[in-house]
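J.: Sending over final_32.txt (compact mmCIF, N, CA and C atoms).
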```txt
# COMPACT_ATOMS: atom_id res chain seq x y z
N MET Y 25 164.74 182.36 165.10
CA MET Y 25 165.38 181.24 164.45
C MET Y 25 166.81 181.68 164.09
N ASP Y 26 167.81 180.98 164.63
CA ASP Y 26 169.19 181.35 164.30
C ASP Y 26 169.55 180.78 162.92
N SER Y 27 170.73 181.11 162.43
CA SER Y 27 171.09 180.73 161.05
C SER Y 27 171.16 179.23 160.85
N SER Y 28 171.62 178.46 161.84
CA SER Y 28 171.67 177.01 161.67
C SER Y 28 170.26 176.41 161.65
N GLU Y 29 169.34 176.96 162.46
CA GLU Y 29 167.95 176.49 162.43
C GLU Y 29 167.28 176.87 161.12
N PHE Y 30 167.58 178.07 160.63
CA PHE Y 30 167.04 178.54 159.36
C PHE Y 30 167.50 177.63 158.23
N GLU Y 31 168.79 177.31 158.21
CA GLU Y 31 169.32 176.43 157.16
C GLU Y 31 168.69 175.06 157.24
N ALA Y 32 168.52 174.50 158.44
CA ALA Y 32 167.87 173.19 158.61
C ALA Y 32 166.43 173.26 158.12
N PHE Y 33 165.73 174.36 158.42
CA PHE Y 33 164.35 174.55 157.96
C PHE Y 33 164.30 174.54 156.44
N LEU Y 34 165.21 175.27 155.81
CA LEU Y 34 165.24 175.33 154.34
C LEU Y 34 165.52 173.95 153.75
N LYS Y 35 166.44 173.22 154.32
CA LYS Y 35 166.75 171.88 153.81
C LYS Y 35 165.55 170.96 153.94
N SER Y 36 164.80 171.08 155.04
CA SER Y 36 163.60 170.25 155.18
C SER Y 36 162.51 170.69 154.20
N PHE Y 37 162.44 171.98 153.91
CA PHE Y 37 161.49 172.48 152.92
C PHE Y 37 161.78 171.87 151.54
N TYR Y 38 163.04 171.90 151.12
CA TYR Y 38 163.39 171.36 149.81
C TYR Y 38 163.27 169.84 149.77
N ALA Y 39 163.55 169.17 150.87
CA ALA Y 39 163.36 167.71 150.92
C ALA Y 39 161.89 167.37 150.71
N ALA Y 40 161.01 168.11 151.39
CA ALA Y 40 159.57 167.88 151.22
C ALA Y 40 159.13 168.20 149.80
N ARG Y 41 159.71 169.22 149.23
CA ARG Y 41 159.37 169.60 147.85
C ARG Y 41 159.76 168.52 146.86
N ILE Y 42 160.96 168.00 146.99
CA ILE Y 42 161.44 166.97 146.07
C ILE Y 42 160.62 165.68 146.24
N GLU Y 43 160.23 165.37 147.46
CA GLU Y 43 159.45 164.16 147.73
C GLU Y 43 157.97 164.34 147.43
N GLY Y 44 157.55 165.57 147.13
CA GLY Y 44 156.14 165.82 146.83
C GLY Y 44 155.24 165.72 148.04
N GLU Y 45 155.77 166.02 149.21
CA GLU Y 45 155.00 165.95 150.46
C GLU Y 45 154.20 167.25 150.64
N VAL Y 46 153.07 167.32 149.98
CA VAL Y 46 152.27 168.54 149.89
C VAL Y 46 151.82 169.04 151.26
N GLU Y 47 151.34 168.17 152.11
CA GLU Y 47 150.85 168.61 153.41
C GLU Y 47 151.99 169.16 154.27
N ALA Y 48 153.16 168.53 154.21
CA ALA Y 48 154.32 169.03 154.94
C ALA Y 48 154.71 170.40 154.42
N LEU Y 49 154.69 170.58 153.11
CA LEU Y 49 155.00 171.89 152.52
C LEU Y 49 154.03 172.95 153.01
N GLY Y 50 152.75 172.64 152.93
CA GLY Y 50 151.73 173.59 153.36
C GLY Y 50 151.90 174.00 154.81
N GLY Y 51 152.32 173.07 155.65
CA GLY Y 51 152.52 173.35 157.07
C GLY Y 51 153.71 174.24 157.35
N MET Y 52 154.55 174.47 156.36
CA MET Y 52 155.73 175.32 156.54
C MET Y 52 155.44 176.79 156.25
N PHE Y 53 154.22 177.08 155.79
CA PHE Y 53 153.83 178.45 155.45
C PHE Y 53 152.93 179.04 156.51
N ALA Y 54 153.12 180.32 156.78
CA ALA Y 54 152.24 181.06 157.69
C ALA Y 54 150.85 181.15 157.06
N ASP Y 55 149.86 181.36 157.91
CA ASP Y 55 148.46 181.42 157.42
C ASP Y 55 148.25 182.44 156.32
N ASP Y 56 148.92 183.59 156.42
CA ASP Y 56 148.72 184.66 155.43
C ASP Y 56 149.92 184.80 154.48
N ALA Y 57 150.68 183.73 154.31
CA ALA Y 57 151.87 183.75 153.45
C ALA Y 57 151.52 184.06 152.00
N HIS Y 58 152.55 184.45 151.27
CA HIS Y 58 152.42 184.79 149.86
C HIS Y 58 153.42 183.95 149.06
N PHE Y 59 152.96 183.30 147.99
CA PHE Y 59 153.83 182.51 147.11
C PHE Y 59 153.60 182.99 145.68
N ARG Y 60 154.71 183.29 145.02
CA ARG Y 60 154.61 183.81 143.66
C ARG Y 60 155.60 183.07 142.77
N ILE Y 61 155.13 182.59 141.65
CA ILE Y 61 156.00 182.09 140.58
C ILE Y 61 156.09 183.25 139.60
N VAL Y 62 157.27 183.83 139.53
CA VAL Y 62 157.47 185.08 138.80
C VAL Y 62 157.47 184.82 137.29
N GLY Y 63 156.79 185.64 136.56
CA GLY Y 63 156.74 185.55 135.11
C GLY Y 63 155.53 186.31 134.60
N SER Y 64 155.32 186.25 133.32
CA SER Y 64 154.20 186.92 132.69
C SER Y 64 153.06 185.94 132.47
N PRO Y 65 151.95 186.10 133.16
CA PRO Y 65 150.82 185.19 132.98
C PRO Y 65 150.31 185.16 131.54
N GLU Y 66 150.58 186.23 130.79
CA GLU Y 66 150.15 186.27 129.39
C GLU Y 66 150.88 185.22 128.55
N PHE Y 67 152.07 184.82 129.00
CA PHE Y 67 152.91 183.91 128.21
C PHE Y 67 153.11 182.55 128.85
N SER Y 68 152.77 182.39 130.11
CA SER Y 68 152.96 181.10 130.77
C SER Y 68 151.88 180.88 131.82
N MET Y 69 151.29 179.69 131.78
CA MET Y 69 150.28 179.36 132.77
C MET Y 69 150.89 179.13 134.14
N LEU Y 70 152.21 178.97 134.22
CA LEU Y 70 152.88 178.76 135.50
C LEU Y 70 153.03 180.05 136.30
N ALA Y 71 153.11 181.17 135.64
CA ALA Y 71 153.28 182.45 136.34
C ALA Y 71 152.01 182.75 137.12
N THR Y 72 152.14 182.80 138.44
CA THR Y 72 150.97 182.98 139.28
C THR Y 72 151.36 183.58 140.62
N SER Y 73 150.38 184.00 141.36
CA SER Y 73 150.58 184.52 142.70
C SER Y 73 149.40 184.09 143.55
N VAL Y 74 149.69 183.49 144.71
CA VAL Y 74 148.62 183.07 145.61
C VAL Y 74 148.96 183.52 147.02
N GLN Y 75 147.93 183.71 147.82
CA GLN Y 75 148.12 184.12 149.21
C GLN Y 75 147.28 183.23 150.11
N GLY Y 76 147.86 182.91 151.26
CA GLY Y 76 147.18 182.08 152.25
C GLY Y 76 147.64 180.65 152.18
N CYS Y 77 147.78 180.06 153.33
CA CYS Y 77 148.31 178.69 153.45
C CYS Y 77 147.50 177.69 152.62
N GLU Y 78 146.19 177.79 152.67
CA GLU Y 78 145.33 176.86 151.94
C GLU Y 78 145.55 176.97 150.43
N SER Y 79 145.63 178.18 149.91
CA SER Y 79 145.86 178.39 148.47
C SER Y 79 147.25 177.91 148.07
N ILE Y 80 148.24 178.15 148.92
CA ILE Y 80 149.61 177.71 148.64
C ILE Y 80 149.67 176.19 148.62
N THR Y 81 149.02 175.54 149.58
CA THR Y 81 148.99 174.08 149.60
C THR Y 81 148.33 173.55 148.33
N GLY Y 82 147.26 174.17 147.90
CA GLY Y 82 146.58 173.76 146.66
C GLY Y 82 147.48 173.93 145.44
N LEU Y 83 148.25 175.03 145.40
CA LEU Y 83 149.16 175.23 144.28
C LEU Y 83 150.26 174.17 144.28
N PHE Y 84 150.81 173.87 145.46
CA PHE Y 84 151.82 172.81 145.53
C PHE Y 84 151.24 171.45 145.12
N ARG Y 85 149.98 171.22 145.44
CA ARG Y 85 149.34 169.96 145.02
C ARG Y 85 149.28 169.89 143.49
N THR Y 86 148.90 171.00 142.85
CA THR Y 86 148.85 171.05 141.39
C THR Y 86 150.24 170.86 140.79
N ILE Y 87 151.23 171.54 141.36
CA ILE Y 87 152.60 171.41 140.87
C ILE Y 87 153.08 169.97 141.00
N THR Y 88 152.83 169.36 142.16
CA THR Y 88 153.27 167.99 142.42
C THR Y 88 152.55 166.99 141.51
N ASP Y 89 151.29 167.24 141.21
CA ASP Y 89 150.54 166.37 140.30
C ASP Y 89 151.01 166.50 138.86
N THR Y 90 151.68 167.60 138.54
CA THR Y 90 152.09 167.89 137.17
C THR Y 90 153.57 167.59 136.93
N PHE Y 91 154.41 167.86 137.94
CA PHE Y 91 155.85 167.72 137.77
C PHE Y 91 156.45 166.89 138.90
N ALA Y 92 157.26 165.90 138.52
CA ALA Y 92 158.02 165.12 139.50
C ALA Y 92 159.45 165.65 139.50
N LEU Y 93 160.03 165.77 140.69
CA LEU Y 93 161.38 166.31 140.82
C LEU Y 93 162.31 165.25 141.40
N ASP Y 94 163.54 165.24 140.89
CA ASP Y 94 164.60 164.45 141.50
C ASP Y 94 165.94 165.07 141.13
N ALA Y 95 167.02 164.44 141.50
CA ALA Y 95 168.37 164.94 141.24
C ALA Y 95 168.52 166.38 141.73
N PHE Y 96 167.98 166.65 142.92
CA PHE Y 96 168.02 167.98 143.51
C PHE Y 96 169.44 168.34 143.96
N SER Y 97 169.80 169.60 143.74
CA SER Y 97 171.07 170.11 144.25
C SER Y 97 170.87 171.57 144.65
N MET Y 98 171.25 171.90 145.88
CA MET Y 98 171.23 173.29 146.32
C MET Y 98 172.56 173.89 145.89
N GLU Y 99 172.51 174.71 144.87
CA GLU Y 99 173.73 175.28 144.28
C GLU Y 99 174.29 176.41 145.13
N ASP Y 100 173.43 177.30 145.60
CA ASP Y 100 173.84 178.43 146.42
C ASP Y 100 172.79 178.70 147.47
N LEU Y 101 173.24 179.07 148.65
CA LEU Y 101 172.35 179.47 149.73
C LEU Y 101 172.95 180.70 150.40
N LEU Y 102 172.23 181.80 150.33
CA LEU Y 102 172.64 183.04 150.98
C LEU Y 102 171.56 183.41 151.98
N MET Y 103 171.96 183.62 153.23
CA MET Y 103 171.00 183.98 154.27
C MET Y 103 171.40 185.31 154.89
N ASP Y 104 170.40 186.13 155.16
CA ASP Y 104 170.62 187.41 155.81
C ASP Y 104 169.44 187.65 156.75
N GLY Y 105 169.67 187.46 158.03
CA GLY Y 105 168.58 187.61 158.99
C GLY Y 105 167.50 186.60 158.73
N ASN Y 106 166.29 187.08 158.45
CA ASN Y 106 165.15 186.19 158.21
C ASN Y 106 164.86 185.99 156.71
N LYS Y 107 165.84 186.31 155.87
CA LYS Y 107 165.66 186.16 154.42
C LYS Y 107 166.73 185.25 153.85
N ALA Y 108 166.36 184.54 152.78
CA ALA Y 108 167.32 183.66 152.11
C ALA Y 108 167.11 183.72 150.61
N ALA Y 109 168.20 183.55 149.90
CA ALA Y 109 168.17 183.37 148.45
C ALA Y 109 168.76 181.99 148.18
N VAL Y 110 168.03 181.20 147.44
CA VAL Y 110 168.45 179.82 147.17
C VAL Y 110 168.44 179.60 145.66
N ARG Y 111 169.61 179.23 145.12
CA ARG Y 111 169.67 178.79 143.72
C ARG Y 111 169.79 177.28 143.76
N TRP Y 112 168.86 176.61 143.08
CA TRP Y 112 168.85 175.16 143.11
C TRP Y 112 168.59 174.59 141.73
N SER Y 113 168.94 173.32 141.57
CA SER Y 113 168.69 172.65 140.30
C SER Y 113 168.02 171.31 140.59
N ALA Y 114 167.33 170.82 139.59
CA ALA Y 114 166.65 169.53 139.70
C ALA Y 114 166.34 169.01 138.32
N ARG Y 115 166.17 167.72 138.26
CA ARG Y 115 165.64 167.10 137.04
C ARG Y 115 164.12 167.09 137.23
N VAL Y 116 163.42 167.53 136.22
CA VAL Y 116 161.97 167.70 136.27
C VAL Y 116 161.34 166.80 135.21
N GLN Y 117 160.33 166.06 135.61
CA GLN Y 117 159.57 165.27 134.64
C GLN Y 117 158.15 165.79 134.59
N ASN Y 118 157.71 166.15 133.39
CA ASN Y 118 156.32 166.51 133.17
C ASN Y 118 155.54 165.20 133.18
N ILE Y 119 154.72 165.00 134.19
CA ILE Y 119 154.04 163.72 134.38
C ILE Y 119 153.09 163.41 133.22
N THR Y 120 152.47 164.43 132.66
CA THR Y 120 151.52 164.22 131.56
C THR Y 120 152.22 163.79 130.28
N SER Y 121 153.26 164.52 129.89
CA SER Y 121 153.93 164.23 128.61
C SER Y 121 155.07 163.23 128.75
N GLY Y 122 155.59 163.07 129.97
CA GLY Y 122 156.74 162.20 130.18
C GLY Y 122 158.07 162.88 129.87
N GLU Y 123 158.02 164.09 129.34
CA GLU Y 123 159.23 164.83 129.00
C GLU Y 123 160.02 165.13 130.27
N THR Y 124 161.35 164.99 130.18
CA THR Y 124 162.23 165.26 131.31
C THR Y 124 163.27 166.29 130.91
N PHE Y 125 163.56 167.20 131.82
CA PHE Y 125 164.59 168.20 131.59
C PHE Y 125 165.23 168.56 132.91
N THR Y 126 166.44 169.08 132.85
CA THR Y 126 167.14 169.58 134.03
C THR Y 126 167.17 171.10 133.94
N THR Y 127 166.90 171.75 135.07
CA THR Y 127 166.82 173.20 135.07
C THR Y 127 167.29 173.77 136.40
N GLU Y 128 167.51 175.07 136.42
CA GLU Y 128 167.85 175.78 137.64
C GLU Y 128 166.70 176.71 138.01
N LEU Y 129 166.55 176.93 139.31
CA LEU Y 129 165.53 177.82 139.83
C LEU Y 129 166.17 178.70 140.88
N ALA Y 130 165.56 179.82 141.17
CA ALA Y 130 166.02 180.70 142.24
C ALA Y 130 164.82 181.09 143.09
N ASP Y 131 164.97 180.91 144.40
CA ASP Y 131 163.91 181.24 145.34
C ASP Y 131 164.38 182.32 146.29
N PHE Y 132 163.48 183.24 146.59
CA PHE Y 132 163.73 184.28 147.58
C PHE Y 132 162.68 184.08 148.67
N ILE Y 133 163.16 183.75 149.86
CA ILE Y 133 162.30 183.30 150.95
C ILE Y 133 162.45 184.22 152.16
N GLU Y 134 161.30 184.54 152.77
CA GLU Y 134 161.31 185.30 154.02
C GLU Y 134 160.56 184.49 155.08
N ILE Y 135 161.16 184.41 156.26
CA ILE Y 135 160.61 183.63 157.36
C ILE Y 135 160.12 184.59 158.45
N GLY Y 136 159.04 184.22 159.09
CA GLY Y 136 158.54 184.96 160.25
C GLY Y 136 157.81 183.99 161.17
N GLY Y 137 158.13 184.01 162.44
CA GLY Y 137 157.45 183.12 163.38
C GLY Y 137 157.70 181.66 163.10
N GLY Y 138 158.85 181.34 162.53
CA GLY Y 138 159.20 179.95 162.25
C GLY Y 138 158.54 179.36 161.01
N LYS Y 139 157.90 180.22 160.20
CA LYS Y 139 157.23 179.75 158.98
C LYS Y 139 157.57 180.69 157.83
N ILE Y 140 157.35 180.19 156.62
CA ILE Y 140 157.57 181.02 155.43
C ILE Y 140 156.42 182.03 155.34
N ILE Y 141 156.80 183.30 155.21
CA ILE Y 141 155.78 184.33 155.01
C ILE Y 141 155.77 184.84 153.57
N SER Y 142 156.87 184.61 152.86
CA SER Y 142 156.94 185.03 151.46
C SER Y 142 157.92 184.13 150.71
N LEU Y 143 157.49 183.67 149.54
CA LEU Y 143 158.35 182.90 148.64
C LEU Y 143 158.10 183.40 147.22
N SER Y 144 159.16 183.90 146.60
CA SER Y 144 159.12 184.29 145.19
C SER Y 144 160.06 183.36 144.46
N GLU Y 145 159.53 182.66 143.46
CA GLU Y 145 160.31 181.66 142.74
C GLU Y 145 160.49 182.07 141.29
N PHE Y 146 161.74 182.02 140.84
CA PHE Y 146 162.08 182.32 139.45
C PHE Y 146 162.47 181.02 138.78
N LEU Y 147 161.81 180.71 137.67
CA LEU Y 147 162.10 179.50 136.91
C LEU Y 147 161.87 179.77 135.44
N ASP Y 148 162.33 178.86 134.63
CA ASP Y 148 162.14 178.99 133.19
C ASP Y 148 160.71 178.57 132.86
N THR Y 149 159.79 179.52 132.90
CA THR Y 149 158.38 179.20 132.69
C THR Y 149 158.11 178.67 131.28
N ALA Y 150 158.90 179.07 130.31
CA ALA Y 150 158.71 178.54 128.94
C ALA Y 150 159.10 177.08 128.86
N LEU Y 151 160.19 176.72 129.53
CA LEU Y 151 160.64 175.33 129.52
C LEU Y 151 159.65 174.43 130.23
N ALA Y 152 159.15 174.88 131.38
CA ALA Y 152 158.23 174.07 132.17
C ALA Y 152 156.82 174.07 131.63
N GLY Y 153 156.46 175.08 130.84
CA GLY Y 153 155.09 175.19 130.37
C GLY Y 153 154.92 174.55 129.05
```
Let me see the structure of the file written as structure tokens.

T.:
Amino acid sequence: MDSSEFEAFLKSFYAARIEGEVEALGGMFADDAHFRIVGSPEFSMLATSVQGCESITGLFRTITDTFALDAFSMEDLLMDGNKAAVRWSARVQNITSGETFTTELADFIEIGGGKIISLSEFLDTALAG
């Protein structure tokens, strides 16, 4: 995947994320991919780590059922070979409480075979939890 294809892939990933297209998101991960929301599980229920496409799809389903995203902006995109660092912002609505906030996140993504093999996401787990 060349850099323009990689960038297009990332843009489609974030478009699916903002639209809550869980099945499309799941299809972008390799079968044995790893997804981690970085943080201390002792202090936030959002801090987690899952492996495998099915588990990742399930986690995205839970996230989508809990949080609605809009006002997305890709603030920074750095790509190096098959790795990318993405700083992005969005307005987030907690569907249960109705509370809305705007926040920034940072993702570190590795691609292999045209799919995501690793995604580590940094977010304000206290704000979202």

J.: State, in Å with one decimal place, the distance from atom N of Y:Ala40 to atom CA of Y:His58.

T.: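 Result for atom N of Y:Ala40 versus atom CA of Y:His58: 18.8 Å, one decimal.
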
J.: Might you pull out every residue within 7 Å of Y:Ile141, with only N, CA and C atoms counted and same-chain residues fewer than 2 positions away left off, and present them as a ChimeraX atom specification?

T.: /Y:52-54,56-59,133-136,139,143

J.: Which one of Y:Ala32, Y:Ala92, Y:Ile87, Y:Val62 sits closest to Y:Gly122 if you count only C-alpha atoms?

T.: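 Distance minimum relative to Y:Gly122 lands on Y:Ala92.
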
J.: In Å to one decimal, how far is atom N of Y:Glu145 from atom C of Y:Ser97?

T.: 15.9 Å

J.: How many Å separate atom N of Y:Val110 from atom N of Y:Phe30?

T.: 13.6 Å

J.: I'd like to know which residues of stretch 68-145 of chain Y are strand (DSSP E) (by DSSP, run on the backbone); could you write them as an NGL selection string?

T.: :Y and (72-75 or 91-104 or 107-118 or 124-136 or 139-145)

J.: With distances taken over all atoms listed in the file, which residue among Y:Met98, Y:Ala114, Y:Val46, Y:Ala108 lies nearest Y:Thr81?

T.: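 The answer is Y:Val46, which sits nearest to Y:Thr81.
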
J.: Could you tell me, as JSON, numbers by chain, which residues of stretch 78-145 of chain Y DSSP assigns to helix (DSSP H, G or I) when given the backbone?

T.: {"Y": [78, 79, 80, 81, 82, 83, 84, 85, 86, 87, 88, 89, 90]}

J.: Restricting the calculation to only C-alpha atoms, which member of Y:Val116, Y:Ile80, Y:Thr124, Y:Gly138 is positioned closest to Y:Ile42?

T.: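 Of Y:Val116, Y:Ile80, Y:Thr124, Y:Gly138, the one nearest Y:Ile42 is Y:Val116, counting only C-alpha atoms.
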
J.: Taking only C-alpha atoms into account, which of Y:Ala39, Y:Ile61, Y:Leu34, Y:Leu101 comes nearest Y:Ser144?

T.: Y:Ile61

J.: Which residue gives the smallest distance to Y:Phe84 among Y:Gly63, Y:Phe96, Y:Glu47, Y:Ala71, with only N, CA and C atoms counted?

T.: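 Checking each candidate against Y:Phe84, we get Y:Glu47 as the closest.
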
J.: Which of these, Y:Met103, Y:Asp89, Y:Gly137, Y:Phe132, has the shortest distance to Y:Asn118 once you count only C-alpha atoms?

T.: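 When distances to Y:Asn118 are compared using only C-alpha atoms, the smallest one comes from Y:Asp89.
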
J.: Taking every listed atom of stretch 122-128 of chain Y and adding 4 Å to each side, what centre and edge lengths in Å (one decimal) does the axis-aligned box have, as JSON?

T.:
```
{"center_x": 161.7, "center_y": 169.5, "center_z": 133.5, "size_x": 20.3, "size_y": 22.5, "size_z": 17.0}
```
